[in-house]
>>> print(open('start_3.cif').read())   # mmCIF, C-alpha atoms
data_query
loop_
_atom_site.group_PDB
_atom_site.id
_atom_site.type_symbol
_atom_site.label_atom_id
_atom_site.label_comp_id
_atom_site.auth_asym_id
_atom_site.auth_seq_id
_atom_site.Cartn_x
_atom_site.Cartn_y
_atom_site.Cartn_z
ATOM 1 C CA MET A 1 2.991 -11.701 66.059
ATOM 2 C CA ASN A 2 0.421 -10.570 68.606
ATOM 3 C CA HIS A 3 -0.958 -13.498 70.623
ATOM 4 C CA VAL A 4 -4.522 -12.513 69.650
ATOM 5 C CA GLN A 5 -3.565 -12.850 65.999
ATOM 6 C CA HIS A 6 -1.296 -15.874 66.175
ATOM 7 C CA SER A 7 -3.863 -18.280 64.701
ATOM 8 C CA LEU A 8 -4.754 -16.181 61.657
ATOM 9 C CA SER A 9 -3.617 -17.105 58.179
ATOM 10 C CA SER A 10 -1.504 -14.518 56.387
ATOM 11 C CA GLU A 11 -4.375 -13.961 53.943
ATOM 12 C CA THR A 12 -6.853 -13.272 56.737
ATOM 13 C CA THR A 13 -4.376 -11.033 58.562
ATOM 14 C CA GLU A 14 -4.059 -8.924 55.415
ATOM 15 C CA LYS A 15 -7.839 -8.878 54.984
ATOM 16 C CA ALA A 16 -8.225 -7.634 58.571
ATOM 17 C CA ARG A 17 -5.741 -4.864 57.855
ATOM 18 C CA LEU A 18 -7.379 -3.731 54.632
ATOM 19 C CA GLU A 19 -11.074 -4.154 55.513
ATOM 20 C CA LEU A 20 -11.168 -3.739 59.286
ATOM 21 C CA ASN A 21 -8.281 -1.326 59.984
ATOM 22 C CA GLU A 22 -6.614 -3.918 62.207
ATOM 23 C CA ASN A 23 -3.018 -3.120 63.082
ATOM 24 C CA PRO A 24 -0.999 -5.741 64.997
ATOM 25 C CA ASP A 25 1.289 -3.036 66.367
ATOM 26 C CA SER A 26 -1.534 -1.107 68.045
ATOM 27 C CA LEU A 27 -3.894 -3.994 68.847
ATOM 28 C CA HIS A 28 -3.228 -4.026 72.585
ATOM 29 C CA GLN A 29 -3.721 -0.261 72.721
ATOM 30 C CA ASP A 30 -7.024 -0.586 70.818
ATOM 31 C CA ILE A 31 -8.232 -3.245 73.240
ATOM 32 C CA GLN A 32 -7.236 -1.194 76.277
ATOM 33 C CA GLN A 33 -8.982 1.932 75.011
ATOM 34 C CA VAL A 34 -12.239 -0.011 74.763
ATOM 35 C CA ARG A 35 -11.669 -1.621 78.150
ATOM 36 C CA ASP A 36 -11.091 1.809 79.729
ATOM 37 C CA MET A 37 -14.606 2.879 78.686
ATOM 38 C CA ILE A 38 -16.250 0.241 80.877
ATOM 39 C CA VAL A 39 -16.214 2.579 83.888
ATOM 40 C CA THR A 40 -18.637 4.860 82.021
ATOM 41 C CA ARG A 41 -21.400 2.248 82.249
ATOM 42 C CA PRO A 42 -21.647 1.129 85.901
ATOM 43 C CA ASP A 43 -25.218 -0.027 85.191
ATOM 44 C CA ILE A 44 -23.942 -2.935 83.103
ATOM 45 C CA GLY A 45 -22.182 -6.039 84.351
ATOM 46 C CA PHE A 46 -19.285 -6.629 81.964
ATOM 47 C CA LEU A 47 -18.581 -10.215 82.925
ATOM 48 C CA ARG A 48 -15.873 -10.809 80.370
ATOM 49 C CA THR A 49 -13.213 -8.280 79.356
ATOM 50 C CA ASP A 50 -10.191 -10.318 78.262
ATOM 51 C CA ASP A 51 -8.270 -9.456 75.097
ATOM 52 C CA GLU A 52 -9.668 -12.310 72.979
ATOM 53 C CA PHE A 53 -13.219 -11.318 73.858
ATOM 54 C CA ILE A 54 -12.878 -7.583 73.205
ATOM 55 C CA VAL A 55 -11.061 -8.038 69.911
ATOM 56 C CA ARG A 56 -14.078 -9.722 68.311
ATOM 57 C CA PHE A 57 -16.100 -6.561 69.021
ATOM 58 C CA LEU A 58 -13.333 -4.405 67.538
ATOM 59 C CA ARG A 59 -13.393 -6.518 64.397
ATOM 60 C CA ALA A 60 -17.183 -6.318 64.191
ATOM 61 C CA ARG A 61 -16.988 -2.508 64.232
ATOM 62 C CA LYS A 62 -13.833 -2.042 62.141
ATOM 63 C CA PHE A 63 -11.795 -0.827 65.115
ATOM 64 C CA ASP A 64 -13.941 2.226 65.750
ATOM 65 C CA HIS A 65 -13.471 2.427 69.519
ATOM 66 C CA THR A 66 -16.718 4.239 70.260
ATOM 67 C CA GLU A 67 -18.827 1.901 68.141
ATOM 68 C CA THR A 68 -16.983 -1.108 69.539
ATOM 69 C CA PHE A 69 -17.770 -0.120 73.102
ATOM 70 C CA ARG A 70 -21.396 0.569 72.192
ATOM 71 C CA LEU A 71 -21.699 -2.962 70.792
ATOM 72 C CA LEU A 72 -19.938 -4.471 73.821
ATOM 73 C CA ALA A 73 -22.303 -2.648 76.173
ATOM 74 C CA GLN A 74 -25.348 -3.689 74.145
ATOM 75 C CA TYR A 75 -24.172 -7.318 74.194
ATOM 76 C CA PHE A 76 -24.287 -7.482 77.986
ATOM 77 C CA GLN A 77 -27.289 -5.161 78.312
ATOM 78 C CA PHE A 78 -29.338 -7.404 76.009
ATOM 79 C CA ARG A 79 -28.543 -10.340 78.276
ATOM 80 C CA GLN A 80 -29.431 -8.383 81.404
ATOM 81 C CA GLN A 81 -32.739 -7.321 79.910
ATOM 82 C CA ASN A 82 -33.621 -10.829 78.705
ATOM 83 C CA LEU A 83 -32.438 -12.997 81.565
ATOM 84 C CA ASP A 84 -35.007 -15.704 80.864
ATOM 85 C CA MET A 85 -33.379 -16.357 77.473
ATOM 86 C CA PHE A 86 -29.972 -16.974 79.041
ATOM 87 C CA GLN A 87 -30.757 -18.793 82.296
ATOM 88 C CA SER A 88 -30.027 -22.175 80.702
ATOM 89 C CA PHE A 89 -27.988 -21.032 77.734
ATOM 90 C CA LYS A 90 -26.296 -24.311 76.899
ATOM 91 C CA VAL A 91 -26.544 -26.953 74.241
ATOM 92 C CA ASP A 92 -28.312 -29.542 76.390
ATOM 93 C CA ASP A 93 -31.112 -27.191 77.408
ATOM 94 C CA PRO A 94 -34.257 -29.023 76.203
ATOM 95 C CA GLY A 95 -35.579 -26.100 74.152
ATOM 96 C CA ILE A 96 -32.246 -25.335 72.504
ATOM 97 C CA LYS A 97 -31.591 -29.015 71.886
ATOM 98 C CA ARG A 98 -34.953 -29.502 70.130
ATOM 99 C CA ALA A 99 -34.326 -26.480 67.927
ATOM 100 C CA LEU A 100 -30.856 -27.718 66.995
ATOM 101 C CA MET A 101 -32.164 -31.203 66.213
ATOM 102 C CA ASP A 102 -34.768 -29.644 63.912
ATOM 103 C CA GLY A 103 -32.072 -27.767 62.013
ATOM 104 C CA PHE A 104 -32.314 -24.330 63.614
ATOM 105 C CA PRO A 105 -29.825 -23.298 62.497
ATOM 106 C CA GLY A 106 -28.140 -25.377 59.831
ATOM 107 C CA VAL A 107 -24.436 -24.668 59.407
ATOM 108 C CA LEU A 108 -22.602 -25.713 56.254
ATOM 109 C CA GLU A 109 -19.191 -27.254 56.751
ATOM 110 C CA SER A 110 -17.563 -25.311 53.899
ATOM 111 C CA PRO A 111 -17.541 -21.497 53.734
ATOM 112 C CA ASP A 112 -18.539 -19.385 50.766
ATOM 113 C CA GLN A 113 -16.001 -17.995 48.326
ATOM 114 C CA HIS A 114 -15.260 -15.110 50.717
ATOM 115 C CA GLY A 115 -14.517 -17.375 53.678
ATOM 116 C CA ARG A 116 -17.864 -16.633 55.330
ATOM 117 C CA LYS A 117 -19.600 -19.375 57.273
ATOM 118 C CA ILE A 118 -22.988 -20.166 55.740
ATOM 119 C CA LEU A 119 -25.976 -20.569 58.065
ATOM 120 C CA ILE A 120 -29.242 -21.864 56.635
ATOM 121 C CA LEU A 121 -32.802 -21.919 57.919
ATOM 122 C CA PHE A 122 -35.628 -23.913 56.351
ATOM 123 C CA ALA A 123 -38.529 -21.883 57.701
ATOM 124 C CA SER A 124 -41.260 -24.435 56.987
ATOM 125 C CA ASN A 125 -39.558 -26.899 59.358
ATOM 126 C CA TRP A 126 -40.710 -24.743 62.264
ATOM 127 C CA ASP A 127 -43.142 -26.958 64.158
ATOM 128 C CA GLN A 128 -44.764 -24.380 66.408
ATOM 129 C CA SER A 129 -46.104 -27.077 68.728
ATOM 130 C CA ARG A 130 -42.537 -28.296 69.284
ATOM 131 C CA ASN A 131 -40.299 -25.213 69.163
ATOM 132 C CA SER A 132 -41.010 -21.704 70.354
ATOM 133 C CA PHE A 133 -39.546 -18.855 68.336
ATOM 134 C CA ILE A 134 -37.567 -17.854 71.443
ATOM 135 C CA ASP A 135 -35.885 -21.267 71.640
ATOM 136 C CA ILE A 136 -35.000 -21.083 67.944
ATOM 137 C CA LEU A 137 -33.470 -17.649 68.534
ATOM 138 C CA ARG A 138 -31.560 -19.012 71.537
ATOM 139 C CA ALA A 139 -30.220 -21.895 69.438
ATOM 140 C CA ILE A 140 -29.071 -19.456 66.753
ATOM 141 C CA LEU A 141 -27.375 -17.182 69.297
ATOM 142 C CA LEU A 142 -25.686 -20.141 70.987
ATOM 143 C CA SER A 143 -24.454 -21.418 67.622
ATOM 144 C CA LEU A 144 -23.019 -18.000 66.828
ATOM 145 C CA GLU A 145 -21.302 -17.916 70.232
ATOM 146 C CA VAL A 146 -19.534 -21.151 69.354
ATOM 147 C CA LEU A 147 -18.659 -20.112 65.816
ATOM 148 C CA ILE A 148 -17.418 -16.636 66.733
ATOM 149 C CA GLU A 149 -14.671 -18.187 68.854
ATOM 150 C CA ASN A 150 -12.924 -18.811 65.529
ATOM 151 C CA PRO A 151 -10.835 -15.678 64.768
ATOM 152 C CA GLU A 152 -11.062 -16.335 61.034
ATOM 153 C CA LEU A 153 -14.862 -16.019 61.230
ATOM 154 C CA GLN A 154 -14.593 -12.857 63.307
ATOM 155 C CA ILE A 155 -12.924 -11.342 60.247
ATOM 156 C CA ASN A 156 -14.582 -13.175 57.350
ATOM 157 C CA GLY A 157 -18.056 -13.169 58.864
ATOM 158 C CA PHE A 158 -21.243 -15.054 58.049
ATOM 159 C CA THR A 159 -23.884 -15.451 55.380
ATOM 160 C CA LEU A 160 -27.478 -16.422 56.233
ATOM 161 C CA ILE A 161 -29.899 -18.088 53.807
ATOM 162 C CA ILE A 162 -33.564 -18.456 54.739
ATOM 163 C CA ASP A 163 -35.673 -20.735 52.543
ATOM 164 C CA TRP A 164 -39.359 -19.821 52.900
ATOM 165 C CA SER A 165 -40.644 -22.680 50.724
ATOM 166 C CA ASN A 166 -43.955 -24.045 52.065
ATOM 167 C CA PHE A 167 -43.915 -21.583 54.970
ATOM 168 C CA SER A 168 -47.612 -21.147 55.590
ATOM 169 C CA PHE A 169 -49.600 -18.005 56.252
ATOM 170 C CA LYS A 170 -50.617 -19.560 59.569
ATOM 171 C CA GLN A 171 -46.967 -20.000 60.555
ATOM 172 C CA ALA A 172 -46.206 -16.419 59.502
ATOM 173 C CA SER A 173 -49.049 -15.126 61.655
ATOM 174 C CA LYS A 174 -47.118 -16.261 64.732
ATOM 175 C CA LEU A 175 -44.257 -13.878 63.952
ATOM 176 C CA THR A 176 -45.287 -11.009 66.200
ATOM 177 C CA PRO A 177 -43.620 -7.590 66.192
ATOM 178 C CA ASN A 178 -42.284 -8.200 69.711
ATOM 179 C CA ILE A 179 -40.416 -11.386 68.920
ATOM 180 C CA LEU A 180 -39.114 -10.111 65.581
ATOM 181 C CA LYS A 181 -37.853 -6.957 67.291
ATOM 182 C CA LEU A 182 -36.197 -9.167 69.917
ATOM 183 C CA ALA A 183 -34.422 -11.144 67.183
ATOM 184 C CA ILE A 184 -33.231 -7.956 65.488
ATOM 185 C CA GLU A 185 -31.941 -6.591 68.789
ATOM 186 C CA GLY A 186 -30.142 -9.837 69.572
ATOM 187 C CA LEU A 187 -28.545 -10.345 66.160
ATOM 188 C CA GLN A 188 -28.118 -6.892 64.632
ATOM 189 C CA ASP A 189 -27.547 -4.687 67.659
ATOM 190 C CA SER A 190 -26.002 -6.932 70.305
ATOM 191 C CA PHE A 191 -23.770 -9.555 68.732
ATOM 192 C CA PRO A 192 -20.241 -9.132 67.307
ATOM 193 C CA ALA A 193 -20.767 -10.945 64.025
ATOM 194 C CA ARG A 194 -20.210 -9.571 60.535
ATOM 195 C CA PHE A 195 -23.052 -10.621 58.216
ATOM 196 C CA GLY A 196 -22.056 -10.248 54.603
ATOM 197 C CA GLY A 197 -25.514 -11.153 53.312
ATOM 198 C CA ILE A 198 -28.973 -12.293 54.386
ATOM 199 C CA HIS A 199 -30.712 -14.089 51.556
ATOM 200 C CA PHE A 200 -34.437 -14.849 51.299
ATOM 201 C CA VAL A 201 -35.374 -17.505 48.750
ATOM 202 C CA ASN A 202 -38.809 -18.768 47.731
ATOM 203 C CA GLN A 203 -40.529 -16.205 49.903
ATOM 204 C CA PRO A 204 -44.330 -15.791 49.524
ATOM 205 C CA TRP A 205 -46.054 -12.416 49.388
ATOM 206 C CA TYR A 206 -46.740 -12.329 53.110
ATOM 207 C CA ILE A 207 -43.030 -12.556 53.873
ATOM 208 C CA HIS A 208 -42.570 -9.480 51.675
ATOM 209 C CA ALA A 209 -45.269 -7.806 53.792
ATOM 210 C CA MET A 210 -43.540 -8.859 57.006
ATOM 211 C CA TYR A 211 -40.231 -7.514 55.766
ATOM 212 C CA THR A 212 -41.823 -4.154 54.984
ATOM 213 C CA ILE A 213 -43.086 -3.947 58.563
ATOM 214 C CA ILE A 214 -39.741 -4.754 60.198
ATOM 215 C CA LYS A 215 -37.701 -2.489 57.900
ATOM 216 C CA PRO A 216 -37.830 0.464 60.311
ATOM 217 C CA PHE A 217 -36.036 -1.650 62.928
ATOM 218 C CA LEU A 218 -33.154 -2.388 60.561
ATOM 219 C CA LYS A 219 -30.031 -0.311 60.138
ATOM 220 C CA ASP A 220 -29.265 0.972 56.654
ATOM 221 C CA LYS A 221 -26.260 -1.331 56.456
ATOM 222 C CA THR A 222 -28.424 -4.327 57.337
ATOM 223 C CA ARG A 223 -31.094 -3.426 54.779
ATOM 224 C CA LYS A 224 -28.470 -3.201 52.042
ATOM 225 C CA ARG A 225 -27.368 -6.745 52.840
ATOM 226 C CA ILE A 226 -30.803 -8.350 52.648
ATOM 227 C CA PHE A 227 -31.530 -9.872 49.252
ATOM 228 C CA LEU A 228 -34.998 -11.090 48.255
ATOM 229 C CA HIS A 229 -34.384 -13.672 45.534
ATOM 230 C CA GLY A 230 -37.815 -15.270 45.282
ATOM 231 C CA ASN A 231 -37.577 -18.286 42.995
ATOM 232 C CA ASN A 232 -34.575 -16.904 41.139
ATOM 233 C CA LEU A 233 -31.648 -19.013 42.298
ATOM 234 C CA ASN A 234 -29.500 -17.497 39.573
ATOM 235 C CA SER A 235 -29.419 -14.225 41.483
ATOM 236 C CA LEU A 236 -28.408 -16.150 44.621
ATOM 237 C CA HIS A 237 -25.600 -17.844 42.685
ATOM 238 C CA GLN A 238 -24.278 -14.464 41.596
ATOM 239 C CA LEU A 239 -23.526 -13.774 45.259
ATOM 240 C CA ILE A 240 -22.778 -17.279 46.554
ATOM 241 C CA GLN A 241 -21.117 -19.666 44.156
ATOM 242 C CA PRO A 242 -23.021 -22.931 43.508
ATOM 243 C CA GLU A 243 -19.908 -24.876 44.555
ATOM 244 C CA CYS A 244 -20.522 -23.593 48.091
ATOM 245 C CA LEU A 245 -24.201 -24.565 48.262
ATOM 246 C CA PRO A 246 -26.171 -27.797 48.789
ATOM 247 C CA SER A 247 -28.546 -29.022 46.114
ATOM 248 C CA GLU A 248 -31.580 -27.454 47.858
ATOM 249 C CA PHE A 249 -30.249 -24.082 46.704
ATOM 250 C CA GLY A 250 -29.225 -25.229 43.250
ATOM 251 C CA GLY A 251 -25.686 -25.927 44.403
ATOM 252 C CA THR A 252 -23.327 -28.745 43.538
ATOM 253 C CA LEU A 253 -22.979 -30.057 47.104
ATOM 254 C CA PRO A 254 -25.124 -32.979 48.372
ATOM 255 C CA PRO A 255 -28.423 -32.229 50.159
ATOM 256 C CA TYR A 256 -27.904 -30.743 53.599
ATOM 257 C CA ASP A 257 -27.945 -33.170 56.519
ATOM 258 C CA MET A 258 -30.286 -31.452 58.991
ATOM 259 C CA GLY A 259 -28.655 -33.089 62.012
ATOM 260 C CA ILE A 260 -25.030 -32.314 61.254
ATOM 261 C CA TRP A 261 -24.728 -29.125 63.307
ATOM 262 C CA ALA A 262 -26.627 -30.604 66.280
ATOM 263 C CA ARG A 263 -24.282 -33.578 66.253
ATOM 264 C CA THR A 264 -21.298 -31.224 66.061
ATOM 265 C CA LEU A 265 -22.443 -29.369 69.158
ATOM 266 C CA LEU A 266 -23.611 -32.388 71.127
ATOM 267 C CA GLY A 267 -20.570 -34.480 70.368
ATOM 268 C CA PRO A 268 -19.748 -37.853 68.813
ATOM 269 C CA ASP A 269 -21.791 -39.737 71.406
ATOM 270 C CA TYR A 270 -24.983 -37.899 70.511
ATOM 271 C CA ASN A 271 -27.924 -40.230 69.923
ATOM 272 C CA ASP A 272 -31.359 -39.079 68.804
ATOM 273 C CA GLU A 273 -32.920 -41.878 70.847
ATOM 274 C CA THR A 274 -31.541 -40.822 74.228
ATOM 275 C CA GLU A 275 -31.354 -37.648 76.261
ATOM 276 C CA TYR A 276 -27.964 -35.979 76.090
ATOM 277 C CA THR A 277 -27.201 -34.643 79.539
ATOM 278 C CA LEU A 278 -23.494 -33.803 79.461
ATOM 279 C CA THR A 279 -22.045 -30.603 78.110
ATOM 280 C CA TYR A 280 -19.765 -31.172 75.144
ATOM 281 C CA ASP A 281 -16.010 -30.907 74.931
ATOM 282 C CA ALA A 282 -15.402 -27.579 73.233
ATOM 283 C CA LEU A 283 -12.244 -28.872 71.572
ATOM 284 C CA HIS A 284 -14.077 -31.184 69.177
ATOM 285 C CA VAL A 285 -16.421 -28.339 68.278
ATOM 286 C CA ARG A 286 -13.464 -26.118 67.469
ATOM 287 C CA GLU A 287 -12.016 -28.823 65.244
ATOM 288 C CA SER A 288 -15.337 -29.461 63.519
ATOM 289 C CA CYS A 289 -15.819 -25.752 62.893
ATOM 290 C CA GLY A 290 -12.407 -25.570 61.258
ATOM 291 C CA GLY A 291 -11.188 -23.069 63.831
ATOM 292 C CA GLY A 292 -7.750 -23.017 65.295
ATOM 293 C CA GLY A 293 -8.022 -19.845 67.320
ATOM 294 C CA GLY A 294 -7.803 -19.509 71.059
ATOM 295 C CA GLY A 295 -5.024 -21.997 71.610
ATOM 296 C CA GLY A 296 -7.288 -25.047 71.950
ATOM 297 C CA ASP A 297 -9.076 -23.647 74.974
ATOM 298 C CA LYS A 298 -11.393 -26.384 76.188
ATOM 299 C CA ASP A 299 -13.232 -23.864 78.300
ATOM 300 C CA MET A 300 -14.681 -22.197 75.196
ATOM 301 C CA MET A 301 -18.307 -22.900 75.924
ATOM 302 C CA LYS A 302 -18.067 -21.833 79.528
ATOM 303 C CA ARG A 303 -16.542 -18.544 78.416
ATOM 304 C CA SER A 304 -19.132 -18.086 75.711
ATOM 305 C CA GLN A 305 -21.809 -18.280 78.363
ATOM 306 C CA SER A 306 -20.429 -15.295 80.271
ATOM 307 C CA THR A 307 -23.671 -13.401 80.535
ATOM 308 C CA VAL A 308 -25.196 -12.249 83.805
ATOM 309 C CA GLU A 309 -26.347 -13.890 86.970
ATOM 310 C CA THR A 310 -29.694 -15.573 86.559
ATOM 311 C CA GLY A 311 -32.721 -13.824 87.895
ATOM 312 C CA SER A 312 -36.240 -12.835 87.033
ATOM 313 C CA LEU A 313 -36.977 -10.856 83.896
ATOM 314 C CA ARG A 314 -39.724 -8.322 83.578
ATOM 315 C CA GLN A 315 -42.107 -10.447 81.525
ATOM 316 C CA MET A 316 -42.879 -9.417 77.978
ATOM 317 C CA ASP A 317 -46.159 -10.545 76.485
ATOM 318 C CA ARG A 318 -44.395 -12.191 73.561
ATOM 319 C CA ASP A 319 -46.912 -14.901 72.784
ATOM 320 C CA THR A 320 -50.092 -12.834 72.949
ATOM 321 C CA SER A 321 -48.979 -9.626 71.247
ATOM 322 C CA THR A 322 -50.568 -8.545 68.004
ATOM 323 C CA PRO A 323 -49.437 -10.655 65.037
ATOM 324 C CA LEU A 324 -47.939 -9.030 61.983
ATOM 325 C CA LEU A 325 -50.387 -10.864 59.771
ATOM 326 C CA ALA A 326 -53.773 -11.511 61.304
ATOM 327 C CA LEU A 327 -55.787 -14.529 60.241
ATOM 328 C CA ASP A 328 -59.470 -14.086 59.544
#
>>> encode(input="start_3.cif", output="structure tokens")
Amino acid sequence: MNHVQHSLSSETTEKARLELNENPDSLHQDIQQVRDMIVTRPDIGFLRTDDEFIVRFLRARKFDHTETFRLLAQYFQFRQQNLDMFQSFKVDDPGIKRALMDGFPGVLESPDQHGRKILILFASNWDQSRNSFIDILRAILLSLEVLIENPELQINGFTLIIDWSNFSFKQASKLTPNILKLAIEGLQDSFPARFGGIHFVNQPWYIHAMYTIIKPFLKDKTRKRIFLHGNNLNSLHQLIQPECLPSEFGGTLPPYDMGIWARTLLGPDYNDETEYTLTYDALHVRESCGGGGGGGDKDMMKRSQSTVETGSLRQMDRDTSTPLLALD
């Protein structure tokens, strides 16, 4: 079997064939055709072009070579255009570390019934005096970089649940069009992850209003995968089985431990009382994530950080731009 596919279960291999048009016999040719397009974009620094890296983009775009290359180019272009976000793109960066410790994001250990990894966000936990929205976005992107190393997740994808319980109007007023557009660009347009569903629960009216405003920035496919459940957990359970969910979402699992993903990233020696200054061993993260792909490469995190050389970014007025919902 192809070395890029060697870690996949037979079930996932068949799923990749049926849903993503993945063919082991032509995989190297598919990868090379995408790689050959790089010369058409000399304005972009493609700092990683190995087989394992390119194949995740192919899977994200169902082996459409043109769309795959577009996503690959946007991945690196987004990093070039937002250099300040990626200058210290590692788990022990103070801003990322604070966001992770506060549960941004949460990552459930068990997948849903489709094999998708479940990410959760409790919006009201956003302490705006402690975490900037940008650092929360960076923590989410870094978490996805780690998770996407798992070939099974490249194929099965992810599910995101956002609980808006007790998310105040004042907190919502800080969600400016600029930073929401940045998040959409980073997650929808520039990252090779397959999101099977984005679920809003317990959302107040002003989150409905916010969603209406950002709709134009969303692709049709993304809009079709956003579900606004309100207080109706039954509709959530129709899409994600209760056996896959913690009790906060009416599931049968115990309440979610908000520190579990931070401890996974920071390692077994992580201690809330002390500063963690060493980068983690990627192997234990791979084991904790349930991934076996990549041949146990302990250089996973270093490779995931292949972005662009640090430098100065043209500053965007992210903090002072007009809010979506103005307070009187």
>>> resolve_selection(input="start_3.cif", expression="the PyMOL selection byres ((chain A and resi 60) around 8)", output="count of residues only")
13
>>> closest_residue(input="start_3.cif", among="A:Ile184, A:Leu108, A:Val201, A:Ile162", to="Leu147 of chain A", atoms="all atoms listed in the file")
A:Leu108
>>> atom_distance(input="start_3.cif", atom1="atom CA of Ser132 of chain A", atom2="atom CA of Ala99 of chain A")
8.6 Å
>>> atom_distance(input="start_3.cif", atom1="atom CA of Leu72 of chain A", atom2="atom CA of Ser190 of chain A")
7.4 Å
>>> closest_residue(input="start_3.cif", among="A:Thr176, A:Ser235, A:Gln171, A:Gln33", to="Phe200 of chain A", atoms="only C-alpha atoms")
A:Ser235
>>> resolve_selection(input="start_3.cif", expression="the PyMOL selection byres ((chain A and resi 51) around 9)", output="JSON, numbers by chain")
{"A": [4, 28, 31, 32, 49, 50, 52, 53, 54, 55, 56]}
>>> resolve_selection(input="start_3.cif", expression="the PyMOL selection byres ((chain A and resi 86-97) around 6)", output="PyMOL selection string")
chain A and resi 83-85+98-100+135+139+310
>>> atom_distance(input="start_3.cif", atom1="atom CA of Arg79 of chain A", atom2="atom CA of Asp36 of chain A")
21.3 Å
>>> residues_near_point(input="start_3.cif", point="(-19.5, -15.9, 49.2)", cutoff="12 Å", atoms="only C-alpha atoms", output="short mmCIF file (atom, residue, chain, number, x, y, z; two decimals) with C-alpha atoms, in the frame of the given file")
data_model
loop_
_atom_site.label_atom_id
_atom_site.label_comp_id
_atom_site.auth_asym_id
_atom_site.auth_seq_id
_atom_site.Cartn_x
_atom_site.Cartn_y
_atom_site.Cartn_z
CA SER A 110 -17.56 -25.31 53.90
CA PRO A 111 -17.54 -21.50 53.73
CA ASP A 112 -18.54 -19.39 50.77
CA GLN A 113 -16.00 -18.00 48.33
CA HIS A 114 -15.26 -15.11 50.72
CA GLY A 115 -14.52 -17.38 53.68
CA ARG A 116 -17.86 -16.63 55.33
CA LYS A 117 -19.60 -19.38 57.27
CA ILE A 118 -22.99 -20.17 55.74
CA LEU A 119 -25.98 -20.57 58.06
CA ASN A 156 -14.58 -13.18 57.35
CA GLY A 157 -18.06 -13.17 58.86
CA PHE A 158 -21.24 -15.05 58.05
CA THR A 159 -23.88 -15.45 55.38
CA LEU A 160 -27.48 -16.42 56.23
CA ILE A 161 -29.90 -18.09 53.81
CA PHE A 195 -23.05 -10.62 58.22
CA GLY A 196 -22.06 -10.25 54.60
CA GLY A 197 -25.51 -11.15 53.31
CA ILE A 198 -28.97 -12.29 54.39
CA HIS A 199 -30.71 -14.09 51.56
CA LEU A 236 -28.41 -16.15 44.62
CA HIS A 237 -25.60 -17.84 42.68
CA GLN A 238 -24.28 -14.46 41.60
CA LEU A 239 -23.53 -13.77 45.26
CA ILE A 240 -22.78 -17.28 46.55
CA GLN A 241 -21.12 -19.67 44.16
CA PRO A 242 -23.02 -22.93 43.51
CA GLU A 243 -19.91 -24.88 44.56
CA CYS A 244 -20.52 -23.59 48.09
CA LEU A 245 -24.20 -24.56 48.26
#
>>> closest_residue(input="start_3.cif", among="A:Gly106, A:Thr12, A:Gln188, A:Ile148", to="Pro255 of chain A", atoms="all atoms listed in the file")
A:Gly106
>>> closest_residue(input="start_3.cif", among="A:Tyr75, A:Phe133, A:Pro42, A:Asn82", to="Ile179 of chain A", atoms="only C-alpha atoms")
A:Phe133
>>> residues_around(input="start_3.cif", residues="segment 121-129 of chain A", least_positions_apart="3", cutoff="6 Å", atoms="all atoms listed in the file", output="mmCIF file with C-alpha atoms, keeping the file's coordinate frame")
data_model
loop_
_atom_site.group_PDB
_atom_site.id
_atom_site.type_symbol
_atom_site.label_atom_id
_atom_site.label_comp_id
_atom_site.auth_asym_id
_atom_site.auth_seq_id
_atom_site.Cartn_x
_atom_site.Cartn_y
_atom_site.Cartn_z
ATOM 1 C CA PRO A 105 -29.825 -23.298 62.497
ATOM 2 C CA ILE A 162 -33.564 -18.456 54.739
ATOM 3 C CA ASP A 163 -35.673 -20.735 52.543
ATOM 4 C CA TRP A 164 -39.359 -19.821 52.900
ATOM 5 C CA ASN A 166 -43.955 -24.045 52.065
ATOM 6 C CA PHE A 167 -43.915 -21.583 54.970
#
>>> residues_around(input="start_3.cif", residues="Leu233 of chain A", least_positions_apart="4", cutoff="7 Å", atoms="all atoms listed in the file", output="list in words")
His229, His237, Phe249 and Gly250 of chain A
>>> closest_residue(input="start_3.cif", among="A:Trp261, A:Tyr206, A:Phe191, A:Phe78", to="Asp102 of chain A", atoms="all atoms listed in the file")
A:Trp261
>>> residues_around(input="start_3.cif", residues="segment 208-218 of chain A", least_positions_apart="2", cutoff="9 Å", atoms="all atoms listed in the file", output="list in words")
Ala172, Leu175, Pro177, Leu180, Lys181, Ile184, Glu185, Gln188, Gln203, Pro204, Trp205, Tyr206, Asp220, Lys221, Thr222, Arg223, Leu228, Leu324 and Leu325 of chain A
>>> write_last_selection(input="start_3.cif", atoms="C-alpha atoms", output="CSV table (one decimal), in the frame of the given file")
chain,number,residue,atom,x,y,z
A,172,ALA,CA,-46.2,-16.4,59.5
A,175,LEU,CA,-44.3,-13.9,64.0
A,177,PRO,CA,-43.6,-7.6,66.2
A,180,LEU,CA,-39.1,-10.1,65.6
A,181,LYS,CA,-37.9,-7.0,67.3
A,184,ILE,CA,-33.2,-8.0,65.5
A,185,GLU,CA,-31.9,-6.6,68.8
A,188,GLN,CA,-28.1,-6.9,64.6
A,203,GLN,CA,-40.5,-16.2,49.9
A,204,PRO,CA,-44.3,-15.8,49.5
A,205,TRP,CA,-46.1,-12.4,49.4
A,206,TYR,CA,-46.7,-12.3,53.1
A,220,ASP,CA,-29.3,1.0,56.7
A,221,LYS,CA,-26.3,-1.3,56.5
A,222,THR,CA,-28.4,-4.3,57.3
A,223,ARG,CA,-31.1,-3.4,54.8
A,228,LEU,CA,-35.0,-11.1,48.3
A,324,LEU,CA,-47.9,-9.0,62.0
A,325,LEU,CA,-50.4,-10.9,59.8
